[in-house]
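For reference, final_8.txt is printed below; it contains compact mmCIF, C-alpha atoms.
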# COMPACT_ATOMS: atom_id res chain seq x y z
CA LYS A 1 -27.78 -3.27 -32.29
CA LYS A 2 -29.48 -6.64 -32.01
CA ALA A 3 -28.47 -8.91 -29.17
CA THR A 4 -27.21 -11.55 -31.62
CA THR A 5 -24.94 -8.97 -33.27
CA GLU A 6 -23.51 -7.95 -29.91
CA VAL A 7 -22.97 -11.56 -28.84
CA ALA A 8 -21.19 -12.27 -32.13
CA ALA A 9 -18.92 -9.26 -31.56
CA VAL A 10 -18.09 -10.44 -28.03
CA VAL A 11 -17.37 -13.99 -29.21
CA GLU A 12 -15.15 -12.67 -32.02
CA THR A 13 -13.19 -10.56 -29.54
CA LEU A 14 -12.77 -13.54 -27.22
CA GLN A 15 -11.67 -15.72 -30.15
CA ASN A 16 -8.95 -13.18 -30.95
CA ILE A 17 -7.81 -13.23 -27.33
CA ALA A 18 -7.82 -17.04 -27.22
CA ILE A 19 -5.86 -17.32 -30.47
CA SER A 20 -3.28 -14.72 -29.50
CA HIS A 21 -3.00 -16.19 -25.98
CA PRO A 22 -3.79 -19.92 -26.13
CA GLU A 23 -2.50 -20.29 -22.58
CA VAL A 24 -5.67 -18.53 -21.34
CA ALA A 25 -8.78 -20.64 -20.74
CA ILE A 26 -11.97 -18.92 -21.87
CA ILE A 27 -15.60 -19.81 -21.32
CA CYS A 28 -18.28 -17.60 -22.81
CA LYS A 29 -21.93 -18.41 -22.16
CA ASN A 30 -24.95 -16.87 -23.81
CA GLN A 31 -28.30 -17.71 -22.23
CA ASN A 32 -26.74 -20.70 -20.42
CA LYS A 33 -25.34 -22.14 -23.65
CA ILE A 34 -21.61 -22.24 -24.26
CA ALA A 35 -20.76 -19.89 -27.12
CA LEU A 36 -16.99 -20.39 -26.82
CA LYS A 37 -14.78 -22.58 -24.67
CA THR A 38 -11.02 -23.03 -24.76
CA SER A 39 -8.94 -25.09 -22.35
CA GLY A 40 -5.94 -22.79 -21.94
CA SER A 41 -3.66 -25.65 -23.02
CA ASN A 42 -1.06 -23.23 -24.46
CA ASP A 43 -1.29 -25.23 -27.70
CA LEU A 44 -2.41 -22.99 -30.56
CA CYS A 45 -3.58 -25.89 -32.71
CA LEU A 46 -5.72 -27.38 -29.94
CA CYS A 47 -7.13 -23.91 -29.27
CA LEU A 48 -8.10 -23.53 -32.95
CA ASN A 49 -9.70 -26.97 -32.91
CA GLU A 50 -11.72 -25.98 -29.82
CA ILE A 51 -12.88 -22.75 -31.47
CA PHE A 52 -13.70 -24.10 -34.90
CA SER A 53 -14.48 -27.71 -33.82
CA ASN A 54 -13.98 -28.99 -37.32
CA ASP A 55 -11.60 -31.91 -37.00
CA LEU A 56 -9.15 -29.20 -37.88
CA LEU A 57 -5.97 -30.72 -36.45
CA LYS A 58 -5.24 -32.93 -39.47
CA HIS A 59 -5.24 -29.84 -41.72
CA LEU A 60 -2.86 -27.62 -39.74
CA VAL A 61 0.64 -26.92 -41.03
CA LEU A 62 3.12 -25.32 -38.65
CA ILE A 63 4.93 -22.11 -39.61
CA ASN A 64 8.29 -21.32 -38.08
CA ALA A 65 10.93 -19.05 -39.59
CA VAL A 66 13.56 -16.50 -38.60
CA ASP A 67 15.01 -13.63 -40.61
CA GLU A 68 18.33 -13.11 -38.86
CA GLY A 69 19.16 -9.93 -40.79
CA GLU A 70 15.95 -8.08 -39.99
CA LYS A 71 15.47 -9.82 -36.62
CA TYR A 72 11.97 -11.05 -37.57
CA PHE A 73 10.51 -14.22 -36.12
CA ILE A 74 7.32 -15.93 -37.23
CA ASP A 75 5.44 -18.90 -35.92
CA GLY A 76 1.87 -20.02 -36.20
CA VAL A 77 -0.19 -22.28 -38.41
CA VAL A 78 -1.99 -22.34 -41.72
CA SER A 79 -4.54 -24.80 -42.99
CA ASP A 80 -3.46 -27.01 -45.84
CA PRO A 81 -5.00 -26.17 -49.23
CA THR A 82 -7.77 -28.76 -48.74
CA PHE A 83 -9.27 -26.77 -45.86
CA THR A 84 -10.53 -23.36 -46.92
CA LYS A 85 -13.06 -20.79 -45.81
CA SER A 86 -15.39 -18.53 -47.78
CA ASN A 87 -14.01 -15.31 -46.28
CA ARG A 88 -10.90 -13.74 -44.74
CA LYS A 89 -12.24 -13.78 -41.17
CA SER A 90 -10.12 -16.81 -40.31
CA ILE A 91 -6.83 -15.09 -41.10
CA TYR A 92 -5.42 -13.87 -37.80
CA ILE A 93 -2.41 -11.60 -37.61
CA ILE A 94 -0.63 -11.20 -34.27
CA ILE A 95 2.26 -8.77 -33.88
CA ASN A 96 4.32 -8.86 -30.69
CA GLY A 97 1.44 -10.56 -28.85
CA ARG A 98 -1.31 -8.21 -30.08
CA SER A 99 -4.05 -9.34 -32.45
CA ILE A 100 -4.41 -6.77 -35.23
CA LYS A 101 -6.13 -6.17 -38.56
CA CYS A 102 -3.54 -5.86 -41.28
CA PRO A 103 -4.54 -5.84 -44.96
CA ILE A 104 -0.87 -5.97 -46.02
CA LEU A 105 -0.10 -9.19 -44.14
CA THR A 106 -3.49 -10.69 -44.92
CA LYS A 107 -2.56 -10.21 -48.60
CA ALA A 108 0.83 -11.88 -47.94
CA VAL A 109 -1.03 -14.94 -46.58
CA GLU A 110 -3.41 -14.97 -49.56
CA ARG A 111 -0.52 -14.67 -52.04
CA ALA A 112 1.19 -17.68 -50.47
CA PHE A 113 -1.92 -19.70 -51.38
CA GLU A 114 -2.79 -18.08 -54.73
CA ASP A 115 -1.75 -21.06 -56.85
CA LYS A 116 -2.98 -23.65 -54.33
CA ILE A 117 -6.64 -22.83 -53.64
CA PRO A 118 -9.53 -21.65 -55.83
CA SER A 119 -10.27 -17.96 -56.23
CA GLY A 120 -12.73 -16.74 -53.61
CA ARG A 121 -11.54 -19.25 -51.01
CA PHE A 122 -9.24 -18.42 -48.10
CA PRO A 123 -7.05 -20.42 -45.71
CA LEU A 124 -7.33 -20.46 -41.98
CA ALA A 125 -4.12 -18.85 -40.77
CA VAL A 126 -2.61 -17.63 -37.55
CA VAL A 127 0.50 -15.57 -38.24
CA ASN A 128 2.34 -14.68 -35.06
CA LEU A 129 5.12 -12.20 -35.81
CA ILE A 130 7.72 -10.96 -33.41
CA LEU A 131 9.27 -7.75 -34.73
CA PRO A 132 11.74 -5.30 -33.23
CA THR A 133 9.71 -2.52 -31.64
CA ASP A 134 11.49 0.11 -33.72
CA LYS A 135 10.17 -1.56 -36.92
CA VAL A 136 6.48 -1.27 -36.00
CA ASP A 137 4.33 1.63 -34.81
CA VAL A 138 1.32 0.48 -32.77
CA ASN A 139 0.05 4.01 -32.12
CA VAL A 140 -1.72 4.37 -35.46
CA HIS A 141 -5.26 3.57 -34.33
CA PRO A 142 -7.06 4.40 -31.05
CA THR A 143 -7.85 0.72 -30.34
CA LYS A 144 -4.34 -0.39 -31.40
CA LYS A 145 -5.89 -2.73 -33.99
CA GLU A 146 -3.83 -1.30 -36.84
CA VAL A 147 -0.09 -0.81 -37.11
CA ARG A 148 2.41 0.84 -39.43
CA TYR A 149 5.68 -0.82 -40.43
CA GLU A 150 9.01 0.78 -41.12
CA THR A 151 9.77 -1.88 -43.74
CA ALA A 152 6.37 -3.15 -44.92
CA ASN A 153 7.72 -4.75 -48.11
CA SER A 154 10.32 -6.84 -46.32
CA ILE A 155 7.78 -8.00 -43.71
CA PHE A 156 5.31 -8.87 -46.49
CA GLY A 157 8.00 -10.89 -48.28
CA PHE A 158 9.07 -12.63 -45.08
CA VAL A 159 5.52 -13.71 -44.19
CA ASN A 160 4.83 -14.88 -47.74
CA TYR A 161 8.11 -16.81 -47.86
CA ALA A 162 7.58 -18.45 -44.44
CA ILE A 163 4.11 -19.69 -45.37
CA ARG A 164 5.18 -20.98 -48.80
CA LYS A 165 8.10 -22.78 -47.16
CA ALA A 166 5.82 -24.31 -44.48
CA LEU A 167 3.35 -25.55 -47.10
CA GLN A 168 6.16 -26.99 -49.21
CA GLU A 169 7.75 -28.79 -46.26
CA GLY A 170 4.37 -30.07 -45.01
CA ASP A 171 5.21 -29.78 -41.32
CA PHE A 172 1.78 -30.97 -40.15
CA TYR A 173 0.79 -30.56 -36.52
CA LEU A 174 -0.28 -34.18 -36.13
CA LYS A 175 3.11 -35.45 -37.37
CA LYS A 176 4.75 -33.59 -34.47
CA LYS A 177 2.38 -35.12 -31.93
CA LYS A 178 3.18 -38.75 -32.85

As structure tokens, please, write out the structure in this file.
Amino acid sequence: KKATTEVAAVVETLQNIAISHPEVAIICKNQNKIALKTSGSNDLCLCLNEIFSNDLLKHLVLINAVDEGEKYFIDGVVSDPTFTKSNRKSIYIIINGRSIKCPILTKAVERAFEDKIPSGRFPLAVVNLILPTDKVDVNVHPTKKEVRYETANSIFGFVNYAIRKALQEGDFYLKKKK
């Protein structure tokens, strides 16, 4: 493949690592130019701002919810409805510390925004789920990028609920920092 394609793939992989582990500082250079740099501040919102450098902090709403019955925990951030993207690439799903591709949970994020943003637009979202290991099978795909859930519908509903609740409450990142 072309060098630019390969560099883009490397940067995307490093972005996933940085987002799922904001405590890790990353510097990626391509031909002596910085392609990606994160500070390792352990602050997800600052990490996202470093990656997307878009004055993003004022748009970030914190997600934090617990389902005591199922023993699910979610934290992360979503952009408010005024900050959208043209594709789904900025929806990050992290399960038990591992960045994965998950159409089911990506759809849960989209559904939480369906009456808030125009069709064809997508939020920036980082959904960090902690699930009991017996509820998720990570051995579905050779690269461990896909998972299977024991209770996919309840996890879908939990993610959707947590994001809707966060948007309704408006727990903005910058409010917490004041």

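Take CA of Asp171 in chain A and CA of Thr13 in chain A: the distance between them is 29.1 Å.
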
Write out as a Markdown table a residue-level contact list of range 8-55 of chain A versus range 98-110 of chain A with cut-off 9 Å: for each qualifying residue the closest pair of atoms and the distance in Å to one decimal, counting all atoms listed in the file, rows sorted by chain and residue number upward.
| residue | atom | partner | partner_atom | distance |
| --- | --- | --- | --- | --- |
| A:Asn16 | CA | A:Ser99 | CA | 6.4 |
| A:Ile17 | CA | A:Ser99 | CA | 7.4 |
| A:Ile19 | CA | A:Ser99 | CA | 8.4 |
| A:Ser20 | CA | A:Ser99 | CA | 6.2 |

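Closest approach to Phe52 in chain A among A:Glu150, A:Asp115, A:Glu12, A:Glu169 is made by A:Glu12 (distances from only C-alpha atoms).
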
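In terms of minimum interatomic distance to Asp75 in chain A, A:Ala166 ranks closest within A:Gly120, A:Ala166, A:His21, A:Asp134, counting only C-alpha atoms.
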
Practice problem: May I have the residues within 6 Å of Ile130 in chain A as a list in words, using only C-alpha atoms and disregarding those fewer than 4 positions away in the same chain? | Solution: Tyr72, Phe73, Ile95 and Asn96 of chain A

Practice problem: Quote the spacing between CA of Gly170 in chain A and CA of His59 in chain A in Å to one decimal place. | Solution: 10.2 Å

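The spacing separating CA of Lys116 in chain A from CA of Leu129 in chain A amounts to 23.2 Å.
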
Exercise. Considering all atoms listed in the file, return as a list in words whatever protein or nucleic-acid residues lie within 9 Å of Glu23 in chain A, sequence-local ones (same chain, fewer than 4 positions apart) excluded.
Key: Ala18, Ser39, Gly40, Ser41, Asn42, Asp43, Leu44 and Cys47 of chain A

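Once Val127 in chain A and its same-chain neighbours fewer than 5 positions away are set aside, Ile74, Asp75, Gly76, Val77, Tyr92, Ile93 and Ile94 of chain A remain within 7 Å of it when counting only C-alpha atoms.
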
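When only C-alpha atoms are used to measure the gap to Cys28 in chain A, the shortest distance among A:Leu48, A:Val7, A:Asn153, A:Val159 belongs to A:Val7.
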
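Restricting the calculation to only C-alpha atoms, the smallest distance between Leu56 in chain A and any of A:Val78, A:Ala112, A:Ile155, A:Leu14 is found for A:Val78.
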
Box for range 85-102 of chain A - axis-aligned, 5 Å on each of the six sides, all listed atoms - centre and size in Å to one decimal, as AutoDock Vina command-line options.
--center_x -5.5 --center_y -13.3 --center_z -38.3 --size_x 29.7 --size_y 24.9 --size_z 28.9

Quiz prompt | Residue nearest Asn160 in chain A - candidates A:Leu174, A:Ile63, A:Lys71, A:Lys85, atoms counted: all atoms listed in the file | solution = A:Ile63
